[in-house]
Amino acid sequence: MTTRLVGAPLTRREDARVLRGETRYVDDIVIPGAAQAAFVRSPHASAAIQSIAVPEPSEADGLLAVITGRELAGLRSFPVMEPRGAHVAAGEAHPVLPVDEVRYAGQPVAAVIARTRALAEDAAELVEVEYEARPAVLSPRASDLTLMRWSQRTGDVDAAFAAAAHVVTGRYALPRLVAAPMEARGAIARYDADADGLTVWCSAQDIHRSRAQLSHILGRDEGTIHLIVPDVGGAFGSKGVVAPEVAAIAAAAIRLGVPVRWTEDRLENLVGAYQGRGIEGDVALALAADGRMLALRARLWADLGGYLLTTTPIPPHTAATLITGVYDIPAADVEVTGARTHKVPTGPYRGAGRPDAAYMIERLVDRAARELDLDRIELRRRNLIRRFPHRTPTGLEYDSGDYERCLDLALELAGPDQPSRPLGADVARGTGFAMYVERAGGGFESARIQLRPGGRFLIDSSSSPHGQGHDITFAQIAAERLQTAPGAIELRFGDSASAPGGVGTFGSRSVAQAGSAVARAADAMVGEGARLAAHLLGLEAGAVRLTPAGFLGDGAALSWAEIADSAAAPDGHPPGGAPGPLQASARFESANVFSSGVHAAEVDIDPETGQLSVRRLVAVDDAGTLINPLLAHGQVIGGVVQALGECLVEEAVYDDDGQMRSGSFLDYSLLTAAEIPPIITGEVETPTPLNPLGAKGAGEGGAVGALPAVANAVTDALGGRHVEPPYTADKLWRALHGADDRPAVPEERR
């Protein structure tokens, strides 16, 4: 009988260790003799640096050095990814430390190295920086510098709009958000001058990208950098790029010859870590008289902040390419402009462009339903993509999906659609639906597996977990193929000295790419085991088969433990084989896969106060084959909660001078468990043909679908009036009572 583990809802193996406080985050690692860093940060959003006066070590207790941009002039700025077909401005990458100017409040200007953090902070107050303040540009539409641009035009868009029976337009915007992981950013750097080796412990999403970025910035061969990612207390996209501060302490460790560590406090994290979202767009949809979608036009403006970090261009490009959503729109003209503003740079935050696209297209589809007087569900049904693979007009190729099945299940779980209750009733109630498609996977990952004594296995994965549950998920994949128990599988992550090559953990790609590499490596190990078992049993190759009882052949059986013992024996291998543990490795690469889903929301607005209550939310997601439904469910719930925060309370607010006015948890709110409504989940599984597991991605769907679903429910409750998130009581009260800054007329009449 075959042991089935894929699809089993097994609990995470690291939870007990986490709950007992046995995890080791960067700040828990003790490096004898390590100095501490603190950073002098710009008080201005835009300013020229006139001069920097630094204290001598003798002038401050415990001070070792103050390092400015001039001392680091030999370092490179951050490497910047250029999405396919995009133009990225040259010379606009984030420097480690600036020399002549600052471009956002909170930008690190000087690194102060001292014996303790307190002494470093005291010495930082002695650094005198003379600035010449400049006006701050805060709107991407008003910016005079484009950092990134991408456009795509497919089909005869002009003819489609000219022939359309209806043209529906909308202007939409999403505010900036902060990721706010429980563990803020931090790192330790130690340099061995004799070996010319740099070791960096870093709270990061993976070892590969962090090491490559440091290699580029420091001008060092990757082989001289040992990168270790220990336990990580959350990331949500915000730790995919090493911080400028990390590069600075690495340079300091090399210059000073002592280990240097840095762990930011929460205030630093809120103002200095790169932010997400921050996009607005003008979108138009051309429709035939029967509601068939003919063409789409979209002009998007992304607020990229003062500089380009490595992945800053990726989210706006993703938003632009996914703007047609789940709909079979034959023609599109899409352009995204990523503008420089005087704010902290943006980068991937859970969803990374996917929620932006879903929000804009799904808001516009609901508006079209109102204008055409069509049922909003029926309009969606008429335009769904039904044949796969499907090439979108923005150049993506969707691999598989069943969007209508997702829609049907969401409707079933949501129950009968109740009519909205407008102002005048005791409560304004609305319901909303939204569909989404998200890009996942892509690129390559690797795995290496070794058979150990007692029939146990050690797997080195190129991927790195930071809360997703890789340990049990990958163990399930391997154990099923090896016909053993998950407890016999040990996973090892996060050390460049032992991990095979790969890319990293982001973009809902871990199971699809790294999990597939584990599956391929396990299959290769089965082949190695069968070869050795056949030799030991005196049988022809291929005459044995693996079962839960071991390798069977001609009435005899050999367990993995016996195979391990024989492999270690001098004469345990076939002729030409070398004694030693059996090993196998695999590298897996594929194109992107595409998850999808349908979310539904029901909301109430109190007419007297404008207070919004989300009564419940339904989330139906298709992530292909689910390896562990329990963990997939958790990923959906977590994503939904972050989306609800975006809808209800979260916004990075800047004043006219470019100062962040939500720079603490007193002003930047996060939802608590007490504020989360009932969340009903459902799954549809349409396996992808692009990997051996049939798996797609589940990490971001909740954050993608819930946002536009709640937005559409709020608009329904407001009788068609349009308000942008977050849906604060003040905004909603004004919209209900006609006191908004804009005319309080139904959205479809604007």
# chains A, B, ... in the order shown; residues from 1 in each chain; ligands from 1

$ select_by_dssp --residues "range 577-661 of chain A" --states "alpha helix (DSSP H)" --output "ChimeraX atom specification"
/A:629-648

$ residues_around --residues "Ser462 in chain A" --least-positions-apart "3" --cutoff "8 Å" --atoms "only C-alpha atoms" --output "ChimeraX atom specification"
/A:445-447,493-494,499-504,514

$ closest_atom_pairs --of "range 489-594 of chain A" --to "range 425-441 of chain A" --cutoff "9 Å" --atoms "only C-alpha atoms" --output "CSV"
residue,atom,partner,partner_atom,distance
A:Phe506,CA,A:Gly441,CA,8.8
A:Gly507,CA,A:Ala440,CA,5.6
A:Ser508,CA,A:Ala440,CA,5.2
A:Arg509,CA,A:Gly441,CA,3.9
A:Ser510,CA,A:Gly441,CA,7.2
A:Val511,CA,A:Gly441,CA,8.2
A:Ala512,CA,A:Gly441,CA,5.6
A:Gln513,CA,A:Gly441,CA,6.0
A:Ser590,CA,A:Gly441,CA,7.6
A:Ala591,CA,A:Gly441,CA,7.2
A:Asn592,CA,A:Gly441,CA,5.0
A:Val593,CA,A:Ala440,CA,5.2
A:Phe594,CA,A:Arg439,CA,4.7

$ write_last_selection --atoms "N, CA, C and O atoms" --output "compact mmCIF listing (two decimals), in the first residue's frame"
# COMPACT_ATOMS: atom_id res chain seq x y z
N PHE A 506 10.04 33.86 -1.68
CA PHE A 506 9.23 35.05 -1.95
C PHE A 506 8.24 34.67 -3.04
O PHE A 506 8.38 33.64 -3.70
N GLY A 507 7.23 35.51 -3.23
CA GLY A 507 6.35 35.37 -4.37
C GLY A 507 5.61 34.05 -4.46
O GLY A 507 5.36 33.56 -5.55
N SER A 508 5.26 33.45 -3.31
CA SER A 508 4.47 32.21 -3.28
C SER A 508 5.11 31.12 -4.14
O SER A 508 4.42 30.38 -4.84
N ARG A 509 6.43 30.98 -4.04
CA ARG A 509 7.13 30.07 -4.94
C ARG A 509 7.77 28.89 -4.24
O ARG A 509 8.36 28.04 -4.90
N SER A 510 7.69 28.82 -2.92
CA SER A 510 8.49 27.83 -2.21
C SER A 510 8.10 26.40 -2.54
O SER A 510 8.96 25.56 -2.83
N VAL A 511 6.81 26.08 -2.48
CA VAL A 511 6.40 24.71 -2.75
C VAL A 511 6.58 24.38 -4.23
O VAL A 511 7.10 23.33 -4.59
N ALA A 512 6.14 25.30 -5.09
CA ALA A 512 6.21 25.03 -6.52
C ALA A 512 7.63 24.78 -6.99
O ALA A 512 7.88 23.86 -7.79
N GLN A 513 8.59 25.58 -6.50
CA GLN A 513 9.96 25.45 -6.98
C GLN A 513 10.82 24.60 -6.05
O GLN A 513 11.35 23.57 -6.46
N SER A 590 11.16 26.17 -13.63
CA SER A 590 9.96 26.22 -14.47
C SER A 590 9.55 27.67 -14.68
O SER A 590 10.05 28.58 -14.02
N ALA A 591 8.62 27.85 -15.59
CA ALA A 591 8.01 29.16 -15.79
C ALA A 591 7.06 29.45 -14.62
O ALA A 591 6.82 28.60 -13.76
N ASN A 592 6.49 30.65 -14.61
CA ASN A 592 5.55 31.02 -13.56
C ASN A 592 4.30 30.16 -13.62
O ASN A 592 3.87 29.72 -14.70
N VAL A 593 3.72 29.93 -12.46
CA VAL A 593 2.40 29.31 -12.36
C VAL A 593 1.45 30.37 -11.82
O VAL A 593 1.87 31.38 -11.26
N PHE A 594 0.14 30.14 -11.96
CA PHE A 594 -0.82 31.18 -11.61
C PHE A 594 -1.93 30.62 -10.73
O PHE A 594 -2.73 29.79 -11.17

$ closest_atom_pairs --of "range 666-700 of chain A" --to "range 402-416 of chain A" --cutoff "10 Å" --atoms "only C-alpha atoms" --output "Markdown table"
| residue | atom | partner | partner_atom | distance |
| --- | --- | --- | --- | --- |
| A:Ile680 | CA | A:Leu413 | CA | 7.4 |
| A:Thr681 | CA | A:Leu413 | CA | 8.2 |
| A:Gly682 | CA | A:Leu409 | CA | 7.3 |
| A:Glu683 | CA | A:Cys406 | CA | 7.9 |
| A:Val684 | CA | A:Cys406 | CA | 6.3 |
| A:Glu685 | CA | A:Asp402 | CA | 8.5 |
| A:Thr686 | CA | A:Asp402 | CA | 6.8 |

$ closest_residue --among "A:Ser151, A:Thr169, A:Ser464, A:Ser516" --to "Leu287 in chain A" --atoms "only C-alpha atoms"
A:Thr169

$ closest_atom_pairs --of "range 260-314 of chain A" --to "range 91-110 of chain A" --cutoff "6 Å" --atoms "only C-alpha atoms" --output "tab-separated table"
residue	atom	partner	partner_atom	distance
A:Val271	CA	A:Gly106	CA	5.8
A:Gly272	CA	A:Gly106	CA	5.6
A:Gly306	CA	A:Arg103	CA	5.0
A:Tyr307	CA	A:His94	CA	5.0
A:Leu308	CA	A:Ala93	CA	4.5
A:Leu309	CA	A:His94	CA	5.7

$ residues_around --residues "Ile314 in chain A" --least-positions-apart "3" --cutoff "12 Å" --atoms "only C-alpha atoms" --output "number ranges by chain"
A: 80-88, 148-150, 237, 240, 276-277, 302, 304, 308-311, 317-321, 336, 338, 346-349, 351-354, 507

$ closest_residue --among "A:Val614, A:Leu631, A:Leu218, A:Ala586" --to "Gly469 in chain A" --atoms "only C-alpha atoms"
A:Leu631

$ residues_around --residues "Ala534 in chain A" --least-positions-apart "3" --cutoff "12 Å" --atoms "only C-alpha atoms" --output "number ranges by chain"
A: 526-531, 537-546, 551-554, 556-558, 563, 572-574

$ write_last_selection --atoms "N, CA, C and O atoms" --output "compact mmCIF listing (two decimals), in the first residue's frame"
# COMPACT_ATOMS: atom_id res chain seq x y z
N VAL A 526 15.46 7.40 -4.40
CA VAL A 526 14.82 6.10 -4.59
C VAL A 526 15.54 5.30 -5.66
O VAL A 526 15.77 4.09 -5.51
N GLY A 527 15.94 5.98 -6.73
CA GLY A 527 16.70 5.29 -7.78
C GLY A 527 18.02 4.76 -7.27
O GLY A 527 18.42 3.63 -7.59
N GLU A 528 18.73 5.56 -6.45
CA GLU A 528 19.99 5.11 -5.87
C GLU A 528 19.77 3.93 -4.93
O GLU A 528 20.54 2.95 -4.93
N GLY A 529 18.71 4.03 -4.12
CA GLY A 529 18.42 2.94 -3.20
C GLY A 529 18.05 1.67 -3.93
O GLY A 529 18.47 0.56 -3.53
N ALA A 530 17.26 1.78 -4.98
CA ALA A 530 16.87 0.59 -5.75
C ALA A 530 18.08 -0.05 -6.42
O ALA A 530 18.19 -1.29 -6.48
N ARG A 531 18.99 0.78 -6.91
CA ARG A 531 20.20 0.23 -7.54
C ARG A 531 21.02 -0.57 -6.54
O ARG A 531 21.47 -1.69 -6.84
N LEU A 537 20.66 -7.85 -3.33
CA LEU A 537 19.79 -9.01 -3.46
C LEU A 537 20.16 -9.89 -4.64
O LEU A 537 19.52 -10.92 -4.88
N GLY A 538 21.19 -9.48 -5.36
CA GLY A 538 21.62 -10.28 -6.50
C GLY A 538 20.63 -10.26 -7.64
O GLY A 538 20.51 -11.25 -8.38
N LEU A 539 19.94 -9.16 -7.82
CA LEU A 539 18.93 -9.05 -8.86
C LEU A 539 19.34 -8.03 -9.91
O LEU A 539 20.26 -7.23 -9.71
N GLU A 540 18.67 -8.10 -11.03
CA GLU A 540 18.91 -7.14 -12.09
C GLU A 540 18.38 -5.76 -11.66
O GLU A 540 17.43 -5.65 -10.89
N ALA A 541 19.03 -4.72 -12.15
CA ALA A 541 18.53 -3.37 -11.90
C ALA A 541 17.10 -3.26 -12.40
O ALA A 541 16.76 -3.73 -13.48
N GLY A 542 16.26 -2.65 -11.62
CA GLY A 542 14.85 -2.52 -11.98
C GLY A 542 14.00 -3.66 -11.50
O GLY A 542 12.78 -3.63 -11.69
N ALA A 543 14.59 -4.65 -10.86
CA ALA A 543 13.83 -5.80 -10.39
C ALA A 543 13.31 -5.61 -8.98
O ALA A 543 12.70 -6.53 -8.42
N VAL A 544 13.59 -4.48 -8.37
CA VAL A 544 13.08 -4.22 -7.03
C VAL A 544 12.17 -3.00 -7.08
O VAL A 544 12.27 -2.16 -7.98
N ARG A 545 11.28 -2.94 -6.10
CA ARG A 545 10.37 -1.79 -6.00
C ARG A 545 10.28 -1.37 -4.55
O ARG A 545 10.43 -2.18 -3.62
N LEU A 546 10.05 -0.07 -4.37
CA LEU A 546 10.00 0.48 -3.02
C LEU A 546 8.58 0.42 -2.48
O LEU A 546 7.62 0.81 -3.16
N PHE A 551 12.60 -2.04 0.14
CA PHE A 551 12.75 -2.45 -1.26
C PHE A 551 12.47 -3.94 -1.36
O PHE A 551 13.11 -4.75 -0.68
N LEU A 552 11.50 -4.31 -2.18
CA LEU A 552 11.10 -5.70 -2.35
C LEU A 552 11.59 -6.22 -3.69
O LEU A 552 11.53 -5.53 -4.71
N GLY A 553 12.07 -7.47 -3.64
CA GLY A 553 12.50 -8.12 -4.87
C GLY A 553 12.69 -9.60 -4.65
O GLY A 553 13.41 -10.00 -3.71
N ASP A 554 11.99 -10.41 -5.44
CA ASP A 554 12.13 -11.86 -5.38
C ASP A 554 11.87 -12.39 -3.97
O ASP A 554 12.59 -13.25 -3.45
N ALA A 556 12.28 -11.02 -1.10
CA ALA A 556 13.11 -10.47 -0.04
C ALA A 556 12.88 -8.97 0.07
O ALA A 556 12.37 -8.33 -0.85
N ALA A 557 13.26 -8.42 1.23
CA ALA A 557 13.06 -7.00 1.45
C ALA A 557 14.26 -6.41 2.16
O ALA A 557 14.88 -7.05 3.00
N LEU A 558 14.58 -5.18 1.80
CA LEU A 558 15.64 -4.43 2.46
C LEU A 558 15.09 -3.06 2.85
O LEU A 558 14.55 -2.34 2.02
N ILE A 563 19.82 -0.50 3.92
CA ILE A 563 20.50 0.11 2.78
C ILE A 563 21.59 1.07 3.28
O ILE A 563 22.71 1.10 2.75
N GLY A 572 29.88 -2.64 0.06
CA GLY A 572 28.42 -2.54 -0.02
C GLY A 572 27.90 -1.99 -1.32
O GLY A 572 26.69 -2.00 -1.56
N HIS A 573 28.76 -1.51 -2.20
CA HIS A 573 28.31 -0.88 -3.44
C HIS A 573 28.57 -1.81 -4.62
O HIS A 573 29.44 -2.68 -4.58
N PRO A 574 27.84 -1.63 -5.70
CA PRO A 574 28.13 -2.37 -6.94
C PRO A 574 29.53 -2.03 -7.43
O PRO A 574 30.13 -1.04 -7.00

$ residues_around --residues "His226 in chain A" --least-positions-apart "6" --cutoff "10 Å" --atoms "only C-alpha atoms" --output "list of chain:residue names"
A:Ala189, A:Arg190, A:Gly197, A:Leu198, A:Thr199, A:Val200, A:Trp201, A:Ile207, A:Arg211, A:Asp495, A:Ser496, A:Ala497

$ write_last_selection --atoms "all heavy atoms" --output "short mmCIF file (atom, residue, chain, number, x, y, z; two decimals), in the first residue's frame"
data_model
loop_
_atom_site.label_atom_id
_atom_site.label_comp_id
_atom_site.auth_asym_id
_atom_site.auth_seq_id
_atom_site.Cartn_x
_atom_site.Cartn_y
_atom_site.Cartn_z
N ALA A 189 28.01 41.12 11.42
CA ALA A 189 29.06 40.89 10.42
C ALA A 189 30.38 40.64 11.14
O ALA A 189 30.75 41.38 12.06
CB ALA A 189 29.17 42.08 9.48
N ARG A 190 31.11 39.62 10.70
CA ARG A 190 32.43 39.31 11.26
C ARG A 190 33.38 39.01 10.11
O ARG A 190 33.06 38.22 9.21
CB ARG A 190 32.33 38.09 12.20
CG ARG A 190 33.67 37.75 12.88
CD ARG A 190 33.49 36.59 13.86
NE ARG A 190 33.12 35.37 13.18
CZ ARG A 190 32.68 34.26 13.81
NH1 ARG A 190 32.55 34.27 15.13
NH2 ARG A 190 32.38 33.18 13.12
N GLY A 197 37.62 36.20 4.69
CA GLY A 197 36.25 35.71 4.66
C GLY A 197 35.33 36.56 5.52
O GLY A 197 35.67 36.94 6.65
N LEU A 198 34.18 36.87 4.99
CA LEU A 198 33.17 37.67 5.70
C LEU A 198 32.00 36.76 6.04
O LEU A 198 31.41 36.12 5.15
CB LEU A 198 32.70 38.83 4.83
CG LEU A 198 31.57 39.70 5.38
CD1 LEU A 198 32.05 40.50 6.59
CD2 LEU A 198 31.03 40.63 4.29
N THR A 199 31.64 36.70 7.32
CA THR A 199 30.47 35.95 7.76
C THR A 199 29.40 36.94 8.19
O THR A 199 29.67 37.86 8.97
CB THR A 199 30.80 35.01 8.93
OG1 THR A 199 31.80 34.09 8.52
CG2 THR A 199 29.56 34.24 9.38
N VAL A 200 28.19 36.77 7.67
CA VAL A 200 27.08 37.66 8.00
C VAL A 200 25.90 36.82 8.44
O VAL A 200 25.44 35.94 7.71
CB VAL A 200 26.68 38.55 6.80
CG1 VAL A 200 25.49 39.43 7.17
CG2 VAL A 200 27.86 39.40 6.35
N TRP A 201 25.43 37.08 9.67
CA TRP A 201 24.17 36.53 10.14
C TRP A 201 23.11 37.59 9.88
O TRP A 201 23.27 38.75 10.32
CB TRP A 201 24.22 36.23 11.63
CG TRP A 201 25.15 35.13 12.04
CD1 TRP A 201 24.83 33.83 12.30
CD2 TRP A 201 26.56 35.23 12.28
NE1 TRP A 201 25.95 33.12 12.67
CE2 TRP A 201 27.02 33.94 12.68
CE3 TRP A 201 27.49 36.28 12.19
CZ2 TRP A 201 28.37 33.70 12.98
CZ3 TRP A 201 28.81 36.04 12.49
CH2 TRP A 201 29.25 34.75 12.88
N ILE A 207 19.17 33.16 1.76
CA ILE A 207 20.61 33.39 1.75
C ILE A 207 21.11 33.85 0.40
O ILE A 207 22.08 34.61 0.31
CB ILE A 207 21.37 32.12 2.18
CG1 ILE A 207 20.95 30.93 1.32
CG2 ILE A 207 21.15 31.84 3.65
CD1 ILE A 207 21.71 29.65 1.62
N ARG A 211 23.27 37.30 -0.16
CA ARG A 211 24.69 37.16 -0.43
C ARG A 211 25.06 37.81 -1.76
O ARG A 211 26.10 38.48 -1.87
CB ARG A 211 25.09 35.69 -0.43
CG ARG A 211 26.60 35.50 -0.55
CD ARG A 211 27.03 34.09 -0.25
NE ARG A 211 26.63 33.15 -1.29
CZ ARG A 211 27.28 32.01 -1.54
NH1 ARG A 211 28.34 31.68 -0.82
NH2 ARG A 211 26.86 31.20 -2.48
N ASP A 495 21.92 28.32 5.39
CA ASP A 495 23.37 28.45 5.55
C ASP A 495 24.01 28.28 4.19
O ASP A 495 23.92 27.21 3.58
CB ASP A 495 23.89 27.41 6.53
CG ASP A 495 25.33 27.66 6.96
OD1 ASP A 495 26.12 28.14 6.13
OD2 ASP A 495 25.67 27.35 8.12
N SER A 496 24.67 29.32 3.71
CA SER A 496 25.25 29.26 2.37
C SER A 496 26.37 28.23 2.27
O SER A 496 26.73 27.82 1.16
CB SER A 496 25.77 30.64 1.94
OG SER A 496 26.84 31.05 2.76
N ALA A 497 26.91 27.80 3.43
CA ALA A 497 27.97 26.79 3.40
C ALA A 497 27.44 25.41 3.08
O ALA A 497 28.20 24.55 2.61
CB ALA A 497 28.71 26.78 4.74
#

$ closest_residue --among "A:Gly455, A:Gly69, A:Pro687, A:Gly443" --to "Leu582 in chain A" --atoms "only C-alpha atoms"
A:Gly455

$ select_by_dssp --residues "range 281-332 of chain A" --states "strand (DSSP E)" --output "compact mmCIF listing (two decimals) with N, CA and C atoms, in the first residue's frame"
# COMPACT_ATOMS: atom_id res chain seq x y z
N GLY A 281 -4.10 54.76 -10.25
CA GLY A 281 -4.26 54.52 -11.67
C GLY A 281 -5.57 55.03 -12.23
N ASP A 282 -5.54 55.34 -13.52
CA ASP A 282 -6.74 55.65 -14.30
C ASP A 282 -6.98 54.46 -15.23
N VAL A 283 -8.14 53.86 -15.09
CA VAL A 283 -8.43 52.62 -15.80
C VAL A 283 -9.73 52.78 -16.56
N ALA A 284 -9.77 52.26 -17.79
CA ALA A 284 -10.98 52.34 -18.61
C ALA A 284 -11.24 50.98 -19.25
N LEU A 285 -12.51 50.62 -19.30
CA LEU A 285 -12.93 49.33 -19.85
C LEU A 285 -13.96 49.55 -20.94
N ALA A 286 -13.72 48.98 -22.11
CA ALA A 286 -14.66 49.04 -23.23
C ALA A 286 -15.48 47.76 -23.26
N LEU A 287 -16.81 47.89 -23.35
CA LEU A 287 -17.69 46.73 -23.32
C LEU A 287 -18.70 46.79 -24.46
N MET A 293 -16.36 42.13 -22.54
CA MET A 293 -15.24 43.05 -22.42
C MET A 293 -14.43 43.03 -23.71
N LEU A 294 -14.19 44.23 -24.25
CA LEU A 294 -13.52 44.36 -25.53
C LEU A 294 -12.06 44.81 -25.41
N ALA A 295 -11.80 45.72 -24.48
CA ALA A 295 -10.45 46.25 -24.36
C ALA A 295 -10.30 46.97 -23.02
N LEU A 296 -9.06 47.10 -22.61
CA LEU A 296 -8.75 47.78 -21.35
C LEU A 296 -7.64 48.78 -21.59
N ARG A 297 -7.78 49.97 -20.98
CA ARG A 297 -6.70 50.94 -20.93
C ARG A 297 -6.36 51.20 -19.47
N ALA A 298 -5.09 51.27 -19.17
CA ALA A 298 -4.68 51.56 -17.79
C ALA A 298 -3.43 52.41 -17.79
N ARG A 299 -3.47 53.46 -17.01
CA ARG A 299 -2.30 54.30 -16.77
C ARG A 299 -2.07 54.31 -15.27
N LEU A 300 -0.96 53.72 -14.86
CA LEU A 300 -0.65 53.56 -13.45
C LEU A 300 0.54 54.42 -13.07
N TRP A 301 0.49 54.97 -11.85
CA TRP A 301 1.61 55.73 -11.30
C TRP A 301 1.98 55.11 -9.96
N ALA A 302 3.21 54.68 -9.85
CA ALA A 302 3.69 54.05 -8.62
C ALA A 302 4.64 54.98 -7.91
N ASP A 303 4.44 55.13 -6.61
CA ASP A 303 5.30 55.94 -5.76
C ASP A 303 6.46 55.06 -5.31
N LEU A 304 7.64 55.22 -5.94
CA LEU A 304 8.77 54.34 -5.66
C LEU A 304 9.71 54.88 -4.59
N GLY A 305 9.49 56.10 -4.14
CA GLY A 305 10.37 56.65 -3.11
C GLY A 305 11.62 57.27 -3.71
N ALA A 331 -7.82 42.88 -25.98
CA ALA A 331 -6.92 43.99 -26.31
C ALA A 331 -6.67 44.83 -25.06
N ALA A 332 -5.45 45.32 -24.94
CA ALA A 332 -5.13 46.14 -23.78
C ALA A 332 -3.99 47.09 -24.10
